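Chemist: File name work.pdb; file contents PDB, C-alpha atoms; full text below.
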MODEL        1
ATOM      1  CA  MET A   1      57.922  23.157 111.429
ATOM      2  CA  ASN A   2      61.519  23.992 112.305
ATOM      3  CA  LYS A   3      64.049  23.263 109.571
ATOM      4  CA  TYR A   4      66.485  21.759 112.098
ATOM      5  CA  ARG A   5      66.203  19.572 115.133
ATOM      6  CA  GLU A   6      69.021  19.531 117.643
ATOM      7  CA  ARG A   7      69.950  16.767 120.030
ATOM      8  CA  THR A   8      72.845  15.998 122.321
ATOM      9  CA  ILE A   9      74.553  12.617 122.144
ATOM     10  CA  ILE A  10      77.366  11.195 124.251
ATOM     11  CA  LYS A  11      80.060   8.973 122.719
ATOM     12  CA  ASN A  12      83.032   7.774 124.752
ATOM     13  CA  GLU A  13      82.111  10.234 127.504
ATOM     14  CA  ILE A  14      82.303  13.152 125.049
ATOM     15  CA  LYS A  15      79.214  15.282 124.519
ATOM     16  CA  PHE A  16      78.251  16.196 120.946
ATOM     17  CA  LYS A  17      75.512  18.481 119.699
ATOM     18  CA  GLU A  18      73.931  17.160 116.545
ATOM     19  CA  LYS A  19      71.877  19.298 114.161
ATOM     20  CA  ILE A  20      69.491  17.338 111.920
ATOM     21  CA  ASP A  21      68.152  18.973 108.748
ATOM     22  CA  ILE A  22      64.532  17.770 108.733
ATOM     23  CA  GLU A  23      63.748  19.529 105.454
ATOM     24  CA  HIS A  24      66.604  17.623 103.758
ATOM     25  CA  ILE A  25      65.181  14.289 104.943
ATOM     26  CA  LEU A  26      61.620  15.057 103.842
ATOM     27  CA  GLU A  27      62.003  16.944 100.558
ATOM     28  CA  PHE A  28      63.766  16.365  97.255
ATOM     29  CA  LYS A  29      65.594  19.284  95.704
ATOM     30  CA  CYS A  30      66.348  18.729  92.019
ATOM     31  CA  LYS A  31      68.347  20.902  89.663
ATOM     32  CA  PHE A  32      70.516  20.604  86.598
ATOM     33  CA  LYS A  33      74.097  21.738  87.005
ATOM     34  CA  ALA A  34      77.238  21.896  84.920
ATOM     35  CA  ASP A  35      79.800  19.235  85.776
ATOM     36  CA  ARG A  36      83.220  19.286  84.086
ATOM     37  CA  ARG A  37      84.035  15.749  85.207
ATOM     38  CA  ALA A  38      80.871  14.454  83.535
ATOM     39  CA  GLY A  39      81.508  16.600  80.486
ATOM     40  CA  GLY A  40      78.208  18.457  80.510
ATOM     41  CA  ILE A  41      75.021  18.850  82.506
ATOM     42  CA  VAL A  42      74.010  16.485  85.321
ATOM     43  CA  LEU A  43      70.855  16.039  87.368
ATOM     44  CA  ASP A  44      71.647  16.967  90.981
ATOM     45  CA  ILE A  45      69.191  15.506  93.512
ATOM     46  CA  LYS A  46      69.563  16.332  97.196
ATOM     47  CA  GLY A  47      67.513  15.122 100.153
ATOM     48  CA  GLY A  48      64.355  13.050 100.003
ATOM     49  CA  HIS A  49      65.222  10.030 102.118
ATOM     50  CA  LEU A  50      61.685   8.744 102.771
ATOM     51  CA  PRO A  51      60.293   5.531 101.220
ATOM     52  CA  GLY A  52      58.621   5.865  97.815
ATOM     53  CA  GLY A  53      60.469   8.967  96.655
ATOM     54  CA  CYS A  54      62.820   7.265  94.205
ATOM     55  CA  GLU A  55      59.920   5.374  92.649
ATOM     56  CA  GLN A  56      58.065   8.674  92.213
ATOM     57  CA  LEU A  57      61.076  10.205  90.457
ATOM     58  CA  GLU A  58      61.108   7.188  88.128
ATOM     59  CA  GLN A  59      57.346   7.432  87.476
ATOM     60  CA  ILE A  60      57.615  11.038  86.331
ATOM     61  CA  GLY A  61      60.544  10.188  84.051
ATOM     62  CA  LEU A  62      63.450  11.953  85.768
ATOM     63  CA  VAL A  63      65.394   8.790  86.628
ATOM     64  CA  LYS A  64      65.596   5.096  85.916
ATOM     65  CA  ILE A  65      66.279   2.871  88.932
ATOM     66  CA  THR A  66      69.065   0.491  87.906
ATOM     67  CA  ASN A  67      69.705  -1.220  91.252
ATOM     68  CA  LYS A  68      68.211  -1.523  94.738
ATOM     69  CA  GLU A  69      70.371  -2.831  97.573
ATOM     70  CA  LEU A  70      69.265  -3.599 101.127
ATOM     71  CA  LEU A  71      71.935  -2.257 103.492
ATOM     72  CA  PRO A  72      72.802  -3.897 106.854
ATOM     73  CA  THR A  73      71.017  -1.021 108.649
ATOM     74  CA  GLY A  74      67.744  -1.853 106.872
ATOM     75  CA  ALA A  75      67.971   1.217 104.663
ATOM     76  CA  ILE A  76      67.798   0.817 100.884
ATOM     77  CA  GLN A  77      70.439   2.230  98.568
ATOM     78  CA  TYR A  78      69.154   3.010  95.093
ATOM     79  CA  THR A  79      71.398   3.374  92.079
ATOM     80  CA  MET A  80      69.734   5.528  89.452
ATOM     81  CA  GLU A  81      70.459   6.982  86.048
ATOM     82  CA  GLY A  82      69.233  10.443  85.081
ATOM     83  CA  CYS A  83      66.919  10.014  82.070
ATOM     84  CA  ILE A  84      67.913  13.359  80.585
ATOM     85  CA  THR A  85      71.569  13.623  81.583
ATOM     86  CA  LYS A  86      72.445   9.893  81.697
ATOM     87  CA  GLY A  87      74.605  10.374  84.805
ATOM     88  CA  ASN A  88      74.531   7.693  87.545
ATOM     89  CA  PHE A  89      74.094   8.427  91.234
ATOM     90  CA  THR A  90      72.960   6.782  94.471
ATOM     91  CA  LYS A  91      70.344   7.719  97.040
ATOM     92  CA  THR A  92      69.793   6.106 100.452
ATOM     93  CA  VAL A  93      66.216   5.760 101.686
ATOM     94  CA  PHE A  94      65.079   4.944 105.218
ATOM     95  CA  PRO A  95      63.020   1.750 105.725
ATOM     96  CA  LYS A  96      59.227   2.064 106.020
ATOM     97  CA  SER A  97      59.435   0.422 109.438
ATOM     98  CA  TRP A  98      61.531   3.242 110.936
ATOM     99  CA  THR A  99      59.641   5.693 113.098
ATOM    100  CA  SER A 100      60.323   9.416 112.980
ATOM    101  CA  GLU A 101      62.113   9.023 116.343
ATOM    102  CA  LYS A 102      64.537   6.523 114.832
ATOM    103  CA  ILE A 103      65.191   8.737 111.794
ATOM    104  CA  ILE A 104      65.592  11.924 113.780
TER     105      ILE A 104
ENDMDL
END
Before we go any further, please render this structure as structure tokens.
Modeler:
Amino acid sequence: MNKYRERTIIKNEIKFKEKIDIEHILEFKCKFKADRRAGGIVLDIKGGHLPGGCEQLEQIGLVKITNKELLPTGAIQYTMEGCITKGNFTKTVFPKSWTSEKII
């Protein structure tokens, strides 16, 4: 599978090339990193926008889901707290009803 998918869109008669990172949508990338603003180490989670991923992170003990909000687009925005680092962050997940064509 290619890491990126490209498509051309037209907005207001202007042509744009859009590059979509498929790997970012499908896979979580987790790491701990130093953050001066937080005053220590934080859990940095990138990608993973498919349904069920946040619940899996909670099941294995990396995060605690503190809020789930349905957005006007139908996507769900999760607010989570890192169980080890205690930092808060959000993650947006696509609805189960969206097809791969709608996501990409």
Chemist: Hey, what comes out of the PyMOL selection byres ((chain A and resi 85) around 10) on this file? Could you write it as a list in words?
Modeler: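 When the PyMOL selection byres ((chain A and resi 85) around 10) is applied to the shown file, the picked residues are Phe32, Ala38, Gly40, Ile41, Val42, Leu43, Asp44, Leu62, Val63, Glu81, Gly82, Cys83, Ile84, Lys86, Gly87 and Asn88 of chain A.
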Chemist: Do you know which residues the PyMOL selection byres ((chain A and resi 30) around 6) returns on this file, as a list in words?
Modeler: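 This file, filtered by the PyMOL selection byres ((chain A and resi 30) around 6), leaves Lys29, Lys31, Asp44 and Ile45 of chain A.
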Chemist: Once the PyMOL selection byres ((chain A and resi 103) around 12) has been evaluated on this model, what residues remain selected, and can you format them as a tab-separated table (two decimals) with C-alpha atoms, in the frame of the given file?
Modeler:
chain	number	residue	atom	x	y	z
A	5	ARG	CA	66.20	19.57	115.13
A	20	ILE	CA	69.49	17.34	111.92
A	21	ASP	CA	68.15	18.97	108.75
A	22	ILE	CA	64.53	17.77	108.73
A	25	ILE	CA	65.18	14.29	104.94
A	26	LEU	CA	61.62	15.06	103.84
A	49	HIS	CA	65.22	10.03	102.12
A	50	LEU	CA	61.68	8.74	102.77
A	73	THR	CA	71.02	-1.02	108.65
A	74	GLY	CA	67.74	-1.85	106.87
A	75	ALA	CA	67.97	1.22	104.66
A	93	VAL	CA	66.22	5.76	101.69
A	94	PHE	CA	65.08	4.94	105.22
A	95	PRO	CA	63.02	1.75	105.72
A	96	LYS	CA	59.23	2.06	106.02
A	97	SER	CA	59.44	0.42	109.44
A	98	TRP	CA	61.53	3.24	110.94
A	99	THR	CA	59.64	5.69	113.10
A	100	SER	CA	60.32	9.42	112.98
A	101	GLU	CA	62.11	9.02	116.34
A	102	LYS	CA	64.54	6.52	114.83
A	104	ILE	CA	65.59	11.92	113.78
Chemist: Please measure the separation of CA of Asn12 in chain A and CA of Pro72 in chain A, giving the value in Å to one decimal.
Modeler: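 These two atoms are separated by 23.7 Å.
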Chemist: Work out how far CA of Ile10 in chain A is from CA of Lys91 in chain A, in Å to one decimal.
Modeler: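 That distance, rounded to one decimal, is 28.3 Å.
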Chemist: Please report the interatomic distance between CA of Leu70 in chain A and CA of Glu23 in chain A in Å with one decimal.
Modeler: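 We find that CA of Leu70 in chain A and CA of Glu23 in chain A lie 24.2 Å from each other.
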